[in-house]
Amino acid sequence: MKLNLKEITLSIVLGIIILTLPLIIKSPYQMHLIIMLCINIVLGLSFAMLFSTGLITIGAAAFWAIGAYGSALLVMNLGLSFWLALPLASIITGIIALVLGSIIVRAPGVAFVVQTMVINMIVGQALGQIEFLGGWGGILGIPRPNPIGSIKFVSKTHYYYLILFLLLLTVAVSYALYSSRTGRAWRSIRLNPRLAQTLGINLFRYRLLAFIIASMSAGLVGSFYAHYFGTIEPGTFSVFKSIYIQIYSILGGLNFYLIGPIIGALIMTLVPEFLRVGKEIEPILTGGILIMLVIFLPGGILSLPERTRSFTAGLLSRREREESLH
Amino acid sequence: MTLDLFTQLLVNGLATGMVYVLIASGLILVLGVARIFNFAHGEFYMLGAFATFALCQVLKVHFFISILLATLVVSLFAAICYRLVFHHIRGNLLLCAAASIGLSMMFERGALVGFGTQERGLPSAFSGVITLGNVAMPLEKIAVILLCLAIMLGLYYLLMKTKLGKAMRAVKLDTEVAALQGINTMRVYAFAMVIGCALAGLAGGIIAPLFSITPGMGHAMLLKCFMVLIVGGLESMLGGVVGGLVIGMTLSFGYYFLGGLSEILLFSIIGVILVFKPGGLFGEVVEDV
């Protein structure tokens, strides 16, 4: 990847802003929003990773829930340290994803969408019905992360740096995967599964790998969420959360696996906050903006520069626009 | 288990099952013909219930006439939504899904702001019981079953015998070939959307005396309809009918014998079905999305 001077300066400035964000933002509520935004971005990235192999999931929230509940139970029942429970929760989520994935990844397309949705529904119901898992009231009083030295995880700033680390980890792992042989295989599967198969790419294995890694990253932030929030309840992890997660990718641009979900999550998390002035009609405005974006920018926000370029060049004939819809 | 209890549970299951069938077949019609995964479908059902309530309770129109008028209102809404939103992104499943989520957010909150959070109910249009031998059945449940049955027969006639129905089936099979035969596919899309949402609206009107009417009822119903689609398959109307009845019966009998655990059982059964028949009982696995 070649970077020119402009891009290097831009990324340095962005990096400094991200690192010093707690110094700029003083209000705890706004810090909370930023932390939730980071969680949403990781969930959006996990959707995008599966989408890069041509699979659409409506089950991201289920694995988020498994991570959260797994970590909370490990810490509260077995007395493990948070720092051990965090990777363990992710691994447990990965193992569950391996078992479930090897059953459902075989049927791509709409069937996969539906099956992930069923998994999400089962997880939601099971969490609510089984007393051991806290029932509909959820688990209360999940302990904070154990202190490291003088960092006691009292203020939101500490949590911010922790989730930032997890986010950057996810981005780094995703970036490494996307630019490797695996990522190329994923993209080729999305473009044309049959052709990819004839070229010797094992569809099942590559899709299963994407499913496991995506679920593990969801489980990782699930564990963080449980200890950050202190309480978890089944309602948070409903199918509708999973449905919202796919909007992040669609809004940002489905062809941008890394930046797309980030932009989309940014919009879907922050726009409702700016619209708080609208008080109770806020969802109406958010829904309206969502519809407008989908209609006028079908390729996502990130397709905007390309669109304006081709528009000014007068290259975008009506025929091409029709084709770009498909 | 006595015969009386069995009949009660059976009638309950049939009544809720038929309502699921009605709403789910609308969802299947919209998905199959217009290629829209309509997450706002539950909202049209809610709208139907509220419109029926408003006409019947506030304007004192007769119950059946208010159902019909409410269906008209819902159809009009669906037509407007189709023309303003889905028409521009037709054919793209994911974009349509995202747009319908936006619509669902707008409608649900709109109803919340307009009607408030309190639960409403209509007095039943039919009271009393039918007694067969020594088995008593509530008349209103029987009425719901018969009404839904009549509507489903009408839908069957529409799809199988009329020109519009044939056009819809052709578009569902292959849009391009259908267009080559001179079918105006855009008109067919619009009609599918309107008829599908009208079915949801009708169902909303029919259940108005049975369940409480709240702005959140659409979401709950949408989840049940997803289950119906999952059991029956996404493509087939027959699957919708079977799926709806299976879900209705399972929930009715399950709640009595197992309580809350029945839903986990139901989902697990669905999971097992999906392992062996990934497209649902009557569906096929579709490779491309």
# chains A, B, ... in the order shown; residues from 1 in each chain; ligands from 1

call {"tool": "residues_around", "arguments": {"residues": "region 5-15 of chain A", "least_positions_apart": "6", "cutoff": "12 Å", "atoms": "only C-alpha atoms", "output": "number ranges by chain"}}
result
A: 21, 164, 168

call {"tool": "closest_atom_pairs", "arguments": {"of": "chain B", "to": "chain A", "cutoff": "9 Å", "atoms": "only C-alpha atoms", "output": "JSON lines"}}
result
{"residue": "B:Val85", "atom": "CA", "partner": "A:Ile295", "partner_atom": "CA", "distance": 7.0}
{"residue": "B:Phe86", "atom": "CA", "partner": "A:Ile295", "partner_atom": "CA", "distance": 8.3}
{"residue": "B:His88", "atom": "CA", "partner": "A:Ile295", "partner_atom": "CA", "distance": 6.4}
{"residue": "B:Ile89", "atom": "CA", "partner": "A:Ile295", "partner_atom": "CA", "distance": 6.4}
{"residue": "B:Arg90", "atom": "CA", "partner": "A:Leu325", "partner_atom": "CA", "distance": 8.3}
{"residue": "B:Gly91", "atom": "CA", "partner": "A:His326", "partner_atom": "CA", "distance": 6.9}
{"residue": "B:Asn92", "atom": "CA", "partner": "A:His326", "partner_atom": "CA", "distance": 6.0}
{"residue": "B:Leu94", "atom": "CA", "partner": "A:Ile250", "partner_atom": "CA", "distance": 7.5}
{"residue": "B:Leu95", "atom": "CA", "partner": "A:Val294", "partner_atom": "CA", "distance": 6.3}
{"residue": "B:Cys96", "atom": "CA", "partner": "A:Val294", "partner_atom": "CA", "distance": 8.3}
{"residue": "B:Ala97", "atom": "CA", "partner": "A:Ile247", "partner_atom": "CA", "distance": 8.9}
{"residue": "B:Ala98", "atom": "CA", "partner": "A:Ile247", "partner_atom": "CA", "distance": 6.0}
{"residue": "B:Ala99", "atom": "CA", "partner": "A:Ile291", "partner_atom": "CA", "distance": 4.9}
{"residue": "B:Ser100", "atom": "CA", "partner": "A:Ile291", "partner_atom": "CA", "distance": 8.0}
{"residue": "B:Ile101", "atom": "CA", "partner": "A:Gly287", "partner_atom": "CA", "distance": 7.5}
{"residue": "B:Gly102", "atom": "CA", "partner": "A:Gly287", "partner_atom": "CA", "distance": 3.9}
{"residue": "B:Leu103", "atom": "CA", "partner": "A:Gly287", "partner_atom": "CA", "distance": 6.1}
{"residue": "B:Ser104", "atom": "CA", "partner": "A:Gly287", "partner_atom": "CA", "distance": 7.7}
{"residue": "B:Met105", "atom": "CA", "partner": "A:Gly287", "partner_atom": "CA", "distance": 5.6}
{"residue": "B:Met106", "atom": "CA", "partner": "A:Ile284", "partner_atom": "CA", "distance": 4.1}
{"residue": "B:Phe107", "atom": "CA", "partner": "A:Ile284", "partner_atom": "CA", "distance": 7.5}
{"residue": "B:Glu108", "atom": "CA", "partner": "A:Ile284", "partner_atom": "CA", "distance": 8.5}
{"residue": "B:Arg109", "atom": "CA", "partner": "A:Ile284", "partner_atom": "CA", "distance": 6.3}
{"residue": "B:Gly110", "atom": "CA", "partner": "A:Ile284", "partner_atom": "CA", "distance": 6.9}
{"residue": "B:Leu112", "atom": "CA", "partner": "A:Glu280", "partner_atom": "CA", "distance": 9.0}
{"residue": "B:Val113", "atom": "CA", "partner": "A:Glu280", "partner_atom": "CA", "distance": 7.3}
{"residue": "B:Leu223", "atom": "CA", "partner": "A:Val239", "partner_atom": "CA", "distance": 8.5}
{"residue": "B:Phe226", "atom": "CA", "partner": "A:Val114", "partner_atom": "CA", "distance": 8.2}
{"residue": "B:Met227", "atom": "CA", "partner": "A:Val118", "partner_atom": "CA", "distance": 7.8}
{"residue": "B:Leu229", "atom": "CA", "partner": "A:Val114", "partner_atom": "CA", "distance": 8.7}
{"residue": "B:Ile230", "atom": "CA", "partner": "A:Val114", "partner_atom": "CA", "distance": 6.4}
{"residue": "B:Gly233", "atom": "CA", "partner": "A:Ala111", "partner_atom": "CA", "distance": 8.8}
{"residue": "B:Leu234", "atom": "CA", "partner": "A:Val110", "partner_atom": "CA", "distance": 8.2}
{"residue": "B:Gly260", "atom": "CA", "partner": "A:Gln129", "partner_atom": "CA", "distance": 6.7}
{"residue": "B:Leu261", "atom": "CA", "partner": "A:Gln129", "partner_atom": "CA", "distance": 6.6}
{"residue": "B:Glu263", "atom": "CA", "partner": "A:Gln125", "partner_atom": "CA", "distance": 7.1}
{"residue": "B:Ile264", "atom": "CA", "partner": "A:Ile122", "partner_atom": "CA", "distance": 6.2}
{"residue": "B:Phe267", "atom": "CA", "partner": "A:Ile122", "partner_atom": "CA", "distance": 5.8}
{"residue": "B:Ser268", "atom": "CA", "partner": "A:Ile122", "partner_atom": "CA", "distance": 7.4}
{"residue": "B:Ile270", "atom": "CA", "partner": "A:Val118", "partner_atom": "CA", "distance": 7.8}
{"residue": "B:Gly271", "atom": "CA", "partner": "A:Val118", "partner_atom": "CA", "distance": 7.1}
{"residue": "B:Leu274", "atom": "CA", "partner": "A:Gln115", "partner_atom": "CA", "distance": 7.2}
{"residue": "B:Val275", "atom": "CA", "partner": "A:Ile103", "partner_atom": "CA", "distance": 6.7}
{"residue": "B:Pro278", "atom": "CA", "partner": "A:Ala111", "partner_atom": "CA", "distance": 5.8}
{"residue": "B:Gly279", "atom": "CA", "partner": "A:Ala111", "partner_atom": "CA", "distance": 5.4}
{"residue": "B:Gly280", "atom": "CA", "partner": "A:Ala111", "partner_atom": "CA", "distance": 8.0}
{"residue": "B:Glu284", "atom": "CA", "partner": "A:Ala111", "partner_atom": "CA", "distance": 8.6}
{"residue": "B:Val285", "atom": "CA", "partner": "A:Ala111", "partner_atom": "CA", "distance": 6.3}
{"residue": "B:Val286", "atom": "CA", "partner": "A:Gly109", "partner_atom": "CA", "distance": 5.8}
{"residue": "B:Glu287", "atom": "CA", "partner": "A:Gly109", "partner_atom": "CA", "distance": 5.1}
{"residue": "B:Asp288", "atom": "CA", "partner": "A:Gly109", "partner_atom": "CA", "distance": 5.5}
{"residue": "B:Val289", "atom": "CA", "partner": "A:Gly109", "partner_atom": "CA", "distance": 5.3}

call {"tool": "residues_around", "arguments": {"residues": "Leu47 (chain B)", "least_positions_apart": "4", "cutoff": "9 Å", "atoms": "only C-alpha atoms", "output": "mmCIF file with C-alpha atoms, in the first residue's frame"}}
result
data_model
loop_
_atom_site.group_PDB
_atom_site.id
_atom_site.type_symbol
_atom_site.label_atom_id
_atom_site.label_comp_id
_atom_site.auth_asym_id
_atom_site.auth_seq_id
_atom_site.Cartn_x
_atom_site.Cartn_y
_atom_site.Cartn_z
ATOM 1 C CA GLY B 42 -45.462 -5.793 11.186
ATOM 2 C CA GLU B 43 -46.040 -2.056 11.185
ATOM 3 C CA ALA B 51 -57.252 2.116 11.884
ATOM 4 C CA THR B 52 -59.939 -0.448 12.706
ATOM 5 C CA ALA B 70 -58.842 0.114 7.462
ATOM 6 C CA VAL B 73 -56.094 2.884 4.364
ATOM 7 C CA VAL B 74 -53.240 0.397 4.820
ATOM 8 C CA PHE B 107 -44.150 4.023 11.656
ATOM 9 C CA ALA B 111 -47.928 5.411 16.199
ATOM 10 C CA ALA B 200 -51.273 -7.582 7.069
ATOM 11 C CA GLY B 201 -53.741 -4.729 7.538
ATOM 12 C CA GLY B 204 -54.659 -6.362 12.137
ATOM 13 C CA GLY B 205 -58.338 -5.501 11.802
ATOM 14 C CA PRO B 215 -47.641 0.495 18.926
ATOM 15 C CA GLY B 218 -45.905 -5.021 14.968
#

call {"tool": "atom_distance", "arguments": {"atom1": "CA of Thr269 (chain A)", "atom2": "CA of Ser242 (chain A)"}}
result
14.4 Å

call {"tool": "select_by_dssp", "arguments": {"residues": "region 22-260 of chain A", "states": "alpha helix (DSSP H)", "output": "ChimeraX atom specification"}}
result
/A:22-24,28-51,60-78,82-104,110-129,156-178,181-191,193-198,203-229,239-252,259-260

call {"tool": "residues_around", "arguments": {"residues": "Ala203 (chain B)", "least_positions_apart": "4", "cutoff": "7 Å", "atoms": "only C-alpha atoms", "output": "compact mmCIF listing (two decimals) with N, CA and C atoms, in the first residue's frame"}}
result
# COMPACT_ATOMS: atom_id res chain seq x y z
N VAL B 19 -54.16 -16.38 11.74
CA VAL B 19 -53.73 -14.98 11.65
C VAL B 19 -52.27 -14.92 11.18
N LEU B 22 -52.13 -15.48 7.49
CA LEU B 22 -52.54 -14.30 6.73
C LEU B 22 -51.38 -13.31 6.60
N ILE B 23 -50.74 -13.01 7.73
CA ILE B 23 -49.67 -12.00 7.69
C ILE B 23 -48.46 -12.54 6.97
N TYR B 45 -49.46 -4.21 9.85
CA TYR B 45 -50.42 -4.96 10.67
C TYR B 45 -50.90 -4.09 11.84
N LEU B 199 -52.97 -7.52 3.24
CA LEU B 199 -53.23 -8.74 4.02
C LEU B 199 -52.85 -8.53 5.48
N ILE B 207 -57.82 -9.14 14.28
CA ILE B 207 -57.46 -9.47 15.66
C ILE B 207 -57.77 -8.34 16.64

call {"tool": "residues_around", "arguments": {"residues": "region 132-147 of chain B", "least_positions_apart": "2", "cutoff": "8 Å", "atoms": "only C-alpha atoms", "output": "list in words"}}
result
Leu3, Asp4, Thr7, Gln8, Val11, Asn12, Leu14, Ala15, Met18, Val19, Ser124, Ala125, Phe126, Ser127, Gly128, Val129, Ile130, Leu149, Ala150, Ile151, Ile206 and Ile207 of chain B
